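For reference, work.pdb (PDB, C-alpha atoms):
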```
ATOM      1  CA  MET A   1      78.145  91.580  43.499
ATOM      2  CA  PRO A   2      75.375  94.094  44.240
ATOM      3  CA  ARG A   3      72.549  94.186  41.714
ATOM      4  CA  THR A   4      72.137  97.944  41.724
ATOM      5  CA  ILE A   5      70.296 100.093  39.198
ATOM      6  CA  THR A   6      69.388 103.776  39.184
ATOM      7  CA  LEU A   7      65.712 104.423  38.500
ATOM      8  CA  ALA A   8      63.857 107.605  37.635
ATOM      9  CA  GLY A   9      60.176 108.404  37.773
ATOM     10  CA  ALA A  10      59.374 111.048  35.145
ATOM     11  CA  GLN A  11      56.203 112.701  36.395
ATOM     12  CA  THR A  12      54.580 115.087  33.948
ATOM     13  CA  GLY A  13      52.384 118.029  34.659
ATOM     14  CA  PRO A  14      49.123 118.452  32.757
ATOM     15  CA  ILE A  15      48.916 117.865  29.010
ATOM     16  CA  GLN A  16      46.100 119.929  27.588
ATOM     17  CA  ARG A  17      43.785 118.845  24.797
ATOM     18  CA  ALA A  18      45.188 121.599  22.572
ATOM     19  CA  ASP A  19      48.857 120.664  23.134
ATOM     20  CA  THR A  20      50.612 119.379  20.033
ATOM     21  CA  ARG A  21      52.222 115.956  19.914
ATOM     22  CA  ALA A  22      55.573 117.561  19.092
ATOM     23  CA  HIS A  23      55.426 119.837  22.147
ATOM     24  CA  THR A  24      54.445 116.964  24.431
ATOM     25  CA  LEU A  25      57.193 114.713  23.071
ATOM     26  CA  ASP A  26      59.778 117.455  23.659
ATOM     27  CA  ARG A  27      58.706 117.545  27.323
ATOM     28  CA  LEU A  28      59.174 113.775  27.643
ATOM     29  CA  ILE A  29      62.588 113.949  25.994
ATOM     30  CA  ALA A  30      63.641 116.764  28.348
ATOM     31  CA  LEU A  31      62.673 114.571  31.307
ATOM     32  CA  LEU A  32      64.543 111.639  29.783
ATOM     33  CA  GLU A  33      67.672 113.737  29.323
ATOM     34  CA  GLY A  34      67.439 115.059  32.874
ATOM     35  CA  ALA A  35      67.111 111.528  34.188
ATOM     36  CA  ALA A  36      70.119 110.359  32.182
ATOM     37  CA  LYS A  37      72.151 113.271  33.519
ATOM     38  CA  ALA A  38      71.230 112.148  37.035
ATOM     39  CA  GLY A  39      72.542 108.661  36.219
ATOM     40  CA  ALA A  40      69.219 106.898  35.628
ATOM     41  CA  GLN A  41      69.297 103.684  33.595
ATOM     42  CA  LEU A  42      65.522 103.207  33.481
ATOM     43  CA  VAL A  43      62.915 105.986  33.276
ATOM     44  CA  VAL A  44      59.255 105.393  34.107
ATOM     45  CA  PHE A  45      56.748 107.690  32.381
ATOM     46  CA  PRO A  46      53.042 107.969  33.301
ATOM     47  CA  GLU A  47      49.951 106.367  31.821
ATOM     48  CA  LEU A  48      48.996 107.994  28.485
ATOM     49  CA  PRO A  49      51.794 110.619  28.549
ATOM     50  CA  LEU A  50      51.694 111.230  24.783
ATOM     51  CA  THR A  51      48.272 112.912  24.997
ATOM     52  CA  THR A  52      45.818 114.466  27.373
ATOM     53  CA  PHE A  53      43.621 112.040  29.318
ATOM     54  CA  PHE A  54      41.066 111.910  26.515
ATOM     55  CA  PRO A  55      38.655 109.424  28.221
ATOM     56  CA  ARG A  56      37.301 112.381  30.197
ATOM     57  CA  TRP A  57      35.692 113.619  26.951
ATOM     58  CA  PHE A  58      32.642 112.211  25.163
ATOM     59  CA  ILE A  59      33.963 111.968  21.585
ATOM     60  CA  GLU A  60      31.426 110.873  18.988
ATOM     61  CA  ASN A  61      33.572 111.597  15.921
ATOM     62  CA  THR A  62      35.518 108.388  15.202
ATOM     63  CA  GLN A  63      37.996 110.235  13.011
ATOM     64  CA  GLU A  64      38.883 112.564  15.891
ATOM     65  CA  LEU A  65      38.929 109.675  18.370
ATOM     66  CA  ASP A  66      41.432 107.753  16.261
ATOM     67  CA  THR A  67      43.947 110.605  16.538
ATOM     68  CA  TRP A  68      44.493 109.749  20.211
ATOM     69  CA  TYR A  69      45.692 106.183  19.485
ATOM     70  CA  GLU A  70      48.996 104.674  18.334
ATOM     71  CA  ARG A  71      48.776 102.020  15.612
ATOM     72  CA  GLU A  72      52.298 100.746  16.155
ATOM     73  CA  MET A  73      55.119 101.360  18.577
ATOM     74  CA  PRO A  74      57.355 103.122  17.904
ATOM     75  CA  ASN A  75      55.846 105.378  15.241
ATOM     76  CA  ALA A  76      56.442 108.777  13.722
ATOM     77  CA  ASN A  77      54.767 110.497  16.675
ATOM     78  CA  CYS A  78      57.287 109.182  19.213
ATOM     79  CA  GLN A  79      60.310 107.891  17.255
ATOM     80  CA  LYS A  80      62.404 110.789  18.584
ATOM     81  CA  LEU A  81      61.930 109.522  22.126
ATOM     82  CA  PHE A  82      63.103 106.030  21.178
ATOM     83  CA  ASP A  83      66.085 107.433  19.261
ATOM     84  CA  ARG A  84      67.173 109.754  22.067
ATOM     85  CA  ALA A  85      66.826 107.023  24.690
ATOM     86  CA  ARG A  86      68.956 104.673  22.611
ATOM     87  CA  GLU A  87      71.612 107.400  22.195
ATOM     88  CA  LEU A  88      71.663 107.891  25.963
ATOM     89  CA  LYS A  89      71.571 104.123  26.598
ATOM     90  CA  VAL A  90      68.560 104.566  28.865
ATOM     91  CA  GLY A  91      65.503 102.313  28.949
ATOM     92  CA  PHE A  92      61.965 103.447  29.686
ATOM     93  CA  TYR A  93      58.394 102.463  30.521
ATOM     94  CA  LEU A  94      55.798 104.219  28.364
ATOM     95  CA  GLY A  95      52.017 104.164  28.414
ATOM     96  CA  TYR A  96      49.898 104.797  25.325
ATOM     97  CA  ALA A  97      46.495 104.233  23.752
ATOM     98  CA  GLU A  98      46.811 101.280  21.359
ATOM     99  CA  LEU A  99      44.726 100.688  18.216
ATOM    100  CA  THR A 100      45.439  97.229  16.816
ATOM    101  CA  PRO A 101      45.253  96.259  13.117
ATOM    102  CA  GLU A 102      42.059  94.360  14.011
ATOM    103  CA  GLY A 103      40.489  97.537  15.386
ATOM    104  CA  GLN A 104      40.813  96.685  19.082
ATOM    105  CA  ARG A 105      41.598  99.493  21.479
ATOM    106  CA  PHE A 106      43.642  99.027  24.653
ATOM    107  CA  ASN A 107      45.222 101.141  27.368
ATOM    108  CA  THR A 108      48.749  99.781  26.966
ATOM    109  CA  SER A 109      52.271 100.108  28.309
ATOM    110  CA  ILE A 110      55.660  98.838  27.179
ATOM    111  CA  THR A 111      59.092  98.592  28.743
ATOM    112  CA  VAL A 112      61.969  99.377  26.386
ATOM    113  CA  GLY A 113      65.593  98.379  26.970
ATOM    114  CA  PRO A 114      68.611 100.689  26.580
ATOM    115  CA  ASP A 115      69.114  99.298  23.080
ATOM    116  CA  GLY A 116      65.656 100.459  22.003
ATOM    117  CA  GLN A 117      64.130  96.977  21.934
ATOM    118  CA  ILE A 118      60.739  96.349  23.525
ATOM    119  CA  LEU A 119      61.184  93.920  26.430
ATOM    120  CA  GLY A 120      57.597  93.603  27.617
ATOM    121  CA  LYS A 121      54.043  94.716  26.816
ATOM    122  CA  TYR A 122      50.997  95.016  29.049
ATOM    123  CA  ARG A 123      47.336  95.947  28.505
ATOM    124  CA  LYS A 124      45.334  97.452  31.371
ATOM    125  CA  VAL A 125      42.963  94.955  32.971
ATOM    126  CA  HIS A 126      41.025  96.988  35.562
ATOM    127  CA  LEU A 127      39.228  99.687  33.563
ATOM    128  CA  PRO A 128      37.404 102.258  35.712
ATOM    129  CA  GLY A 129      34.499 104.495  34.788
ATOM    130  CA  THR A 130      31.461 103.940  32.586
ATOM    131  CA  VAL A 131      30.586 103.126  28.978
ATOM    132  CA  GLU A 132      27.958 105.847  28.639
ATOM    133  CA  PRO A 133      28.368 109.428  29.859
ATOM    134  CA  ARG A 134      26.691 110.198  33.160
ATOM    135  CA  PRO A 135      23.950 112.798  32.543
ATOM    136  CA  GLY A 136      24.681 116.165  34.102
ATOM    137  CA  ALA A 137      28.089 115.172  35.414
ATOM    138  CA  ARG A 138      30.794 117.828  35.281
ATOM    139  CA  PHE A 139      33.499 115.205  34.783
ATOM    140  CA  GLN A 140      33.357 111.918  32.905
ATOM    141  CA  GLN A 141      35.482 108.773  33.139
ATOM    142  CA  LEU A 142      34.871 106.810  29.920
ATOM    143  CA  GLU A 143      37.713 104.302  29.788
ATOM    144  CA  LYS A 144      35.204 101.467  29.425
ATOM    145  CA  ARG A 145      33.921 103.204  26.297
ATOM    146  CA  TYR A 146      37.274 103.783  24.633
ATOM    147  CA  PHE A 147      39.242 100.694  25.703
ATOM    148  CA  GLU A 148      38.735  96.947  25.883
ATOM    149  CA  TYR A 149      39.828  94.971  28.920
ATOM    150  CA  GLY A 150      43.447  93.875  28.623
ATOM    151  CA  ASP A 151      43.891  90.383  27.156
ATOM    152  CA  LEU A 152      47.569  89.675  27.899
ATOM    153  CA  GLY A 153      47.231  88.812  31.571
ATOM    154  CA  PHE A 154      50.108  89.724  33.890
ATOM    155  CA  PRO A 155      53.229  88.470  32.077
ATOM    156  CA  ALA A 156      56.458  88.934  34.015
ATOM    157  CA  PHE A 157      59.583  89.437  31.914
ATOM    158  CA  ARG A 158      63.301  89.908  32.348
ATOM    159  CA  GLY A 159      64.827  93.374  32.293
ATOM    160  CA  ALA A 160      67.963  94.272  30.367
ATOM    161  CA  PRO A 161      71.377  92.779  31.222
ATOM    162  CA  GLU A 162      72.573  96.298  32.089
ATOM    163  CA  TRP A 163      69.939  96.276  34.847
ATOM    164  CA  HIS A 164      71.024  92.822  36.128
ATOM    165  CA  ARG A 165      68.009  91.204  34.433
ATOM    166  CA  PRO A 166      65.402  91.821  37.138
ATOM    167  CA  VAL A 167      62.095  89.995  36.997
ATOM    168  CA  MET A 168      59.760  92.842  36.013
ATOM    169  CA  GLY A 169      56.040  93.489  35.921
ATOM    170  CA  MET A 170      53.857  96.303  34.617
ATOM    171  CA  LEU A 171      50.557  97.739  35.773
ATOM    172  CA  ILE A 172      48.548 100.779  34.701
ATOM    173  CA  CYS A 173      46.714 103.188  37.008
ATOM    174  CA  ASN A 174      43.637 101.477  38.504
ATOM    175  CA  ASP A 175      45.436  98.104  38.333
ATOM    176  CA  ARG A 176      47.723  99.202  41.163
ATOM    177  CA  ARG A 177      44.772  99.382  43.551
ATOM    178  CA  TRP A 178      43.886  95.689  43.053
ATOM    179  CA  PRO A 179      45.987  93.028  44.819
ATOM    180  CA  GLU A 180      45.342  90.364  42.163
ATOM    181  CA  GLY A 181      47.793  91.637  39.571
ATOM    182  CA  TRP A 182      50.524  92.221  42.130
ATOM    183  CA  ARG A 183      50.130  88.705  43.480
ATOM    184  CA  VAL A 184      50.249  87.082  40.033
ATOM    185  CA  TYR A 185      53.513  88.926  39.437
ATOM    186  CA  GLY A 186      54.658  88.072  42.968
ATOM    187  CA  LEU A 187      54.195  84.375  42.262
ATOM    188  CA  GLN A 188      56.463  84.846  39.240
ATOM    189  CA  GLY A 189      59.182  86.334  41.457
ATOM    190  CA  VAL A 190      58.794  90.004  40.503
ATOM    191  CA  GLU A 191      61.609  92.256  41.697
ATOM    192  CA  LEU A 192      60.672  95.517  39.970
ATOM    193  CA  MET A 193      57.135  96.741  39.272
ATOM    194  CA  VAL A 194      56.739  99.765  36.995
ATOM    195  CA  MET A 195      53.456 101.598  36.478
ATOM    196  CA  GLY A 196      52.003 104.897  35.383
ATOM    197  CA  TYR A 197      48.728 106.557  36.274
ATOM    198  CA  ASN A 198      46.351 109.465  35.483
ATOM    199  CA  SER A 199      44.250 109.506  38.648
ATOM    200  CA  ALA A 200      41.556 112.135  39.150
ATOM    201  CA  ALA A 201      41.913 114.529  42.073
ATOM    202  CA  TYR A 202      38.215 114.010  42.772
ATOM    203  CA  ASP A 203      35.751 111.116  42.799
ATOM    204  CA  PRO A 204      35.464 110.434  39.041
ATOM    205  CA  LEU A 205      32.031 108.853  39.475
ATOM    206  CA  GLY A 206      30.545 111.726  41.444
ATOM    207  CA  GLY A 207      30.156 112.558  45.101
ATOM    208  CA  ASP A 208      32.408 114.442  47.475
ATOM    209  CA  SER A 209      33.756 111.613  49.635
ATOM    210  CA  GLU A 210      37.199 111.576  48.009
ATOM    211  CA  SER A 211      39.503 114.581  48.156
ATOM    212  CA  ALA A 212      42.757 115.007  46.237
ATOM    213  CA  GLU A 213      44.630 114.401  49.492
ATOM    214  CA  LEU A 214      42.784 111.144  50.210
ATOM    215  CA  ARG A 215      43.236 109.869  46.658
ATOM    216  CA  THR A 216      46.960 110.680  46.794
ATOM    217  CA  PHE A 217      47.211 108.828  50.112
ATOM    218  CA  HIS A 218      45.461 105.790  48.609
ATOM    219  CA  SER A 219      47.784 105.872  45.584
ATOM    220  CA  THR A 220      50.901 105.852  47.734
ATOM    221  CA  MET A 221      49.473 103.295  50.152
ATOM    222  CA  ALA A 222      48.672 100.901  47.295
ATOM    223  CA  ALA A 223      52.272 101.044  46.085
ATOM    224  CA  GLN A 224      53.711 100.659  49.588
ATOM    225  CA  SER A 225      51.498  97.826  50.782
ATOM    226  CA  ASN A 226      51.697  95.756  47.614
ATOM    227  CA  ALA A 227      55.437  96.282  47.225
ATOM    228  CA  TYR A 228      55.888  95.006  50.780
ATOM    229  CA  MET A 229      53.532  92.023  50.461
ATOM    230  CA  ASN A 230      55.220  90.902  47.245
ATOM    231  CA  ALA A 231      58.781  91.847  48.252
ATOM    232  CA  THR A 232      59.400  93.978  45.186
ATOM    233  CA  TRP A 233      60.635  97.425  44.279
ATOM    234  CA  ALA A 234      57.892  99.584  42.776
ATOM    235  CA  VAL A 235      57.916 102.770  40.711
ATOM    236  CA  SER A 236      54.552 104.520  40.413
ATOM    237  CA  VAL A 237      54.416 107.655  38.252
ATOM    238  CA  ALA A 238      51.693 110.242  37.660
ATOM    239  CA  LYS A 239      50.533 112.649  35.068
ATOM    240  CA  ALA A 240      49.449 115.425  37.424
ATOM    241  CA  GLY A 241      47.880 118.862  37.599
ATOM    242  CA  ASP A 242      44.976 120.643  35.951
ATOM    243  CA  GLU A 243      44.100 119.340  32.489
ATOM    244  CA  ASP A 244      41.467 121.597  30.939
ATOM    245  CA  GLY A 245      39.776 122.101  34.301
ATOM    246  CA  SER A 246      40.054 118.480  35.475
ATOM    247  CA  GLY A 247      42.508 117.835  38.293
ATOM    248  CA  LEU A 248      44.939 114.910  38.453
ATOM    249  CA  ILE A 249      46.827 113.871  41.589
ATOM    250  CA  GLY A 250      50.613 113.707  41.782
ATOM    251  CA  GLY A 251      52.466 111.715  44.404
ATOM    252  CA  SER A 252      54.793 109.781  42.083
ATOM    253  CA  CYS A 253      56.977 107.533  44.206
ATOM    254  CA  ILE A 254      59.679 104.883  44.320
ATOM    255  CA  VAL A 255      59.026 102.265  47.010
ATOM    256  CA  SER A 256      61.329  99.636  48.483
ATOM    257  CA  PRO A 257      60.476  95.946  49.093
ATOM    258  CA  ASN A 258      60.017  96.951  52.743
ATOM    259  CA  GLY A 259      57.244  99.338  51.735
ATOM    260  CA  ILE A 260      59.368 102.425  52.388
ATOM    261  CA  VAL A 261      59.023 105.440  50.083
ATOM    262  CA  VAL A 262      62.591 106.284  49.059
ATOM    263  CA  ALA A 263      61.680 109.103  46.665
ATOM    264  CA  GLN A 264      58.453 111.036  46.063
ATOM    265  CA  ALA A 265      57.389 113.965  43.881
ATOM    266  CA  LYS A 266      56.603 117.244  45.619
ATOM    267  CA  THR A 267      54.820 119.107  42.822
ATOM    268  CA  LEU A 268      52.041 118.679  40.246
ATOM    269  CA  GLY A 269      54.350 119.543  37.361
ATOM    270  CA  ASP A 270      57.104 117.969  35.297
ATOM    271  CA  GLU A 271      59.393 116.504  37.947
ATOM    272  CA  LEU A 272      61.998 113.778  38.239
ATOM    273  CA  ILE A 273      62.416 111.477  41.210
ATOM    274  CA  VAL A 274      65.582 109.369  41.241
ATOM    275  CA  ALA A 275      66.860 106.553  43.428
ATOM    276  CA  GLU A 276      69.618 103.966  43.267
ATOM    277  CA  ILE A 277      68.172 100.609  44.274
ATOM    278  CA  ASP A 278      69.593  97.189  45.055
ATOM    279  CA  LEU A 279      67.469  94.392  43.612
ATOM    280  CA  ASP A 280      68.850  91.999  46.215
ATOM    281  CA  ASP A 281      66.869  93.938  48.819
ATOM    282  CA  CYS A 282      63.953  91.790  47.615
ATOM    283  CA  ARG A 283      65.572  88.651  49.034
ATOM    284  CA  GLN A 284      64.651  89.256  52.689
ATOM    285  CA  GLY A 285      60.938  89.176  51.891
ATOM    286  CA  LYS A 286      61.084  86.525  49.188
ATOM    287  CA  GLU A 287      63.229  84.066  51.119
ATOM    288  CA  LYS A 288      61.778  84.632  54.611
ATOM    289  CA  MET A 289      58.534  86.509  55.320
ATOM    290  CA  PHE A 290      56.880  85.993  51.915
ATOM    291  CA  ASN A 291      58.493  82.760  50.804
ATOM    292  CA  PHE A 292      55.536  81.756  48.627
ATOM    293  CA  ALA A 293      56.857  78.267  47.918
ATOM    294  CA  GLN A 294      56.985  77.402  51.626
ATOM    295  CA  HIS A 295      54.315  79.561  53.231
ATOM    296  CA  ARG A 296      51.375  79.735  50.799
ATOM    297  CA  ARG A 297      48.472  77.493  51.783
ATOM    298  CA  PRO A 298      45.902  77.891  48.987
ATOM    299  CA  GLN A 299      44.080  74.765  50.121
ATOM    300  CA  TYR A 300      42.847  76.763  53.115
ATOM    301  CA  TYR A 301      41.749  79.886  51.245
ATOM    302  CA  GLY A 302      38.267  78.583  50.495
ATOM    303  CA  ARG A 303      36.193  78.970  47.386
ATOM    304  CA  ILE A 304      36.086  82.382  45.741
ATOM    305  CA  VAL A 305      32.531  83.699  45.347
ATOM    306  CA  GLU A 306      32.429  85.527  42.018
ATOM    307  CA  GLN A 307      29.171  87.388  42.503
ATOM    308  CA  VAL A 308      28.628  89.834  45.325
ATOM    309  CA  GLY A 309      25.666  88.681  47.375
ATOM    310  CA  ALA A 310      25.725  85.159  45.987
ATOM    311  CA  VAL A 311      24.614  82.425  48.360
ATOM    312  CA  VAL A 312      27.466  80.131  49.315
ATOM    313  CA  PRO A 313      26.173  76.526  49.416
ATOM    314  CA  GLU A 314      26.667  74.671  52.681
TER
END
```

Take the structure in this file and express it as structure tokens.
Amino acid sequence: MPRTITLAGAQTGPIQRADTRAHTLDRLIALLEGAAKAGAQLVVFPELPLTTFFPRWFIENTQELDTWYEREMPNANCQKLFDRARELKVGFYLGYAELTPEGQRFNTSITVGPDGQILGKYRKVHLPGTVEPRPGARFQQLEKRYFEYGDLGFPAFRGAPEWHRPVMGMLICNDRRWPEGWRVYGLQGVELMVMGYNSAAYDPLGGDSESAELRTFHSTMAAQSNAYMNATWAVSVAKAGDEDGSGLIGGSCIVSPNGIVVAQAKTLGDELIVAEIDLDDCRQGKEKMFNFAQHRRPQYYGRIVEQVGAVVPE
């Protein structure tokens, strides 16, 4: 029996700093409803889709800063999304800024089943940017200031029975560029990787060596190469467009275990990409080319040098 599931990537256009939560949530619900109409059983939203990408701002007022975070999930700000998804019997991946009862702040994502229950939770590990603002810079990237490094590791989990219980993993934005997380999930047998991003259309740390086109290419390449090397389906979804003068790339895509892009966004606005996938397409790579149990040889990998420039003893 084929293990097929219809996936949707729900790319959003820009969310401005002045946009209300209610307006933004209505946009997400409209995308959810469009995906359900197209037959999607699982919808992947971007990183931080409930708000603008606030780490680009230097915010000294703690009271204002706290308004960008969610203290529990779901909550009054997004309950409508959970309720509508449950009515439609559609699951979703959702990113958000998390403020824990202990006062910790994380860039977080969850995967929710069609019954509204949270199946998995992930906290972003690879935080880009700086702690302090860069003097004179037009754009800032202050994730290291506003978030702590994720402390949950890379926990694979089972998807819903309606999705044939795939082994799933989550990443967020910069994580997708690092092979480590993918491989940890790969060693757990991941079949479906879901991830959202808010990636700048320029070099966020200054310079002119990275264009929007190059950064979009890198984003797609990271999904393709890592999906292939770990024999998994991957859904990578952007918040895109011009947010208050700061550009974000698009390029949302659904990638097969062979590294083939089967659906990709064409705009920088609210856009759905949809594909029916067969989870058993992962078997070719997992059982032959990338059969980790048979072909891995960690004893030959050598010692990992943690510090760049460190002297390796003879």

In Å, rounded to a single decimal, give me how far CA of Gly120 in chain A is from CA of Arg176 in chain A.
17.7 Å

Counting all atoms listed in the file, the option among A:Arg158, A:Arg71, A:His218, A:Arg303 closest to Met193 in chain A:
A:Arg158

Please provide as a PyMOL selection string all residues within 7 Å of Leu171 in chain A, with the sequence filter that same-chain residues fewer than 3 positions apart are discarded (counting all atoms listed in the file).
chain A and resi 124+175-176+194-195

Kindly indicate which residue among A:Arg134, A:Arg17, A:Arg215, A:Arg145 lies nearest to Asn174 in chain A, using only C-alpha atoms for the distances.
A:Arg215

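Using all atoms listed in the file for every distance, the candidate list A:Tyr197, A:Tyr122, A:Phe82, A:Trp233 yields A:Tyr197 as the residue closest to Thr216 in chain A.
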
Expressed in Å to a single decimal, how great is the separation between CA of Glu60 in chain A and CA of Val125 in chain A?
24.1 Å

By how many Å are CA of Gly95 in chain A and CA of Gly196 in chain A apart?
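Distance reported for this atom pair: 7.0 Å.
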
Judged by all atoms listed in the file, the minimum distance to Gly136 in chain A among A:Ile249, A:Leu31, A:Ile277, A:Leu205 is found for A:Leu205

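The closest residue to Tyr96 in chain A, picked from A:Trp57, A:Phe147, A:Tyr185, A:Phe157 and counting all atoms listed in the file, is A:Phe147.
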
If the PyMOL selection byres ((chain A and resi 201) around 10) is run on the structure shown, which residues does it catch, given as a ChimeraX atom specification?
/A:198-200,202-204,210-216,240-242,246-250

Could you tell me which of A:Val44, A:Arg3, A:Leu81, A:Asp151 comes closest to Asp26 in chain A if we count all atoms listed in the file?
A:Leu81

Please expand the PyMOL selection byres ((chain A and resi 33) around 12) into the concrete residues it hits in this file, giving the result as a count of residues only.
31

So what does the PyMOL selection byres ((chain A and resi 4) around 8) actually pick up in this one, as a VMD selection string?
chain A and resid 2 to 3 5 to 6 163 to 164 276 to 279

Selection to disk with C-alpha atoms, as a PDB file, in the coordinates of the input:
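Here's the written file out.pdb:
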```
ATOM      1  CA  PRO A   2      75.375  94.094  44.240  1.00  0.00           C
ATOM      2  CA  ARG A   3      72.549  94.186  41.714  1.00  0.00           C
ATOM      3  CA  ILE A   5      70.296 100.093  39.198  1.00  0.00           C
ATOM      4  CA  THR A   6      69.388 103.776  39.184  1.00  0.00           C
ATOM      5  CA  TRP A 163      69.939  96.276  34.847  1.00  0.00           C
ATOM      6  CA  HIS A 164      71.024  92.822  36.128  1.00  0.00           C
ATOM      7  CA  GLU A 276      69.618 103.966  43.267  1.00  0.00           C
ATOM      8  CA  ILE A 277      68.172 100.609  44.274  1.00  0.00           C
ATOM      9  CA  ASP A 278      69.593  97.189  45.055  1.00  0.00           C
ATOM     10  CA  LEU A 279      67.469  94.392  43.612  1.00  0.00           C
TER      11      LEU A 279
END
```

All residues 12 Å or closer to Thr24 in chain A, only C-alpha atoms, same chain fewer than 3 positions away omitted, as a PDB file with C-alpha atoms, in the frame of the given file:
```pdb
ATOM      1  CA  THR A  12      54.580 115.087  33.948  1.00  0.00           C
ATOM      2  CA  GLY A  13      52.384 118.029  34.659  1.00  0.00           C
ATOM      3  CA  PRO A  14      49.123 118.452  32.757  1.00  0.00           C
ATOM      4  CA  ILE A  15      48.916 117.865  29.010  1.00  0.00           C
ATOM      5  CA  GLN A  16      46.100 119.929  27.588  1.00  0.00           C
ATOM      6  CA  ARG A  17      43.785 118.845  24.797  1.00  0.00           C
ATOM      7  CA  ALA A  18      45.188 121.599  22.572  1.00  0.00           C
ATOM      8  CA  ASP A  19      48.857 120.664  23.134  1.00  0.00           C
ATOM      9  CA  THR A  20      50.612 119.379  20.033  1.00  0.00           C
ATOM     10  CA  ARG A  21      52.222 115.956  19.914  1.00  0.00           C
ATOM     11  CA  ARG A  27      58.706 117.545  27.323  1.00  0.00           C
ATOM     12  CA  LEU A  28      59.174 113.775  27.643  1.00  0.00           C
ATOM     13  CA  ILE A  29      62.588 113.949  25.994  1.00  0.00           C
ATOM     14  CA  ALA A  30      63.641 116.764  28.348  1.00  0.00           C
ATOM     15  CA  LEU A  31      62.673 114.571  31.307  1.00  0.00           C
ATOM     16  CA  LEU A  48      48.996 107.994  28.485  1.00  0.00           C
ATOM     17  CA  PRO A  49      51.794 110.619  28.549  1.00  0.00           C
ATOM     18  CA  LEU A  50      51.694 111.230  24.783  1.00  0.00           C
ATOM     19  CA  THR A  51      48.272 112.912  24.997  1.00  0.00           C
ATOM     20  CA  THR A  52      45.818 114.466  27.373  1.00  0.00           C
ATOM     21  CA  ASN A  77      54.767 110.497  16.675  1.00  0.00           C
ATOM     22  CA  CYS A  78      57.287 109.182  19.213  1.00  0.00           C
ATOM     23  CA  LYS A  80      62.404 110.789  18.584  1.00  0.00           C
ATOM     24  CA  LEU A  81      61.930 109.522  22.126  1.00  0.00           C
ATOM     25  CA  ASP A 270      57.104 117.969  35.297  1.00  0.00           C
TER      26      ASP A 270
END
```

Fewer than 3 positions away in the same chain doesn't count, so skip those; otherwise give me all residues within 10 Å of Val261 in chain A, counting all atoms listed in the file, as an MDAnalysis selection string.
chainID A and resid 220:221 223:224 234:235 253:258 264
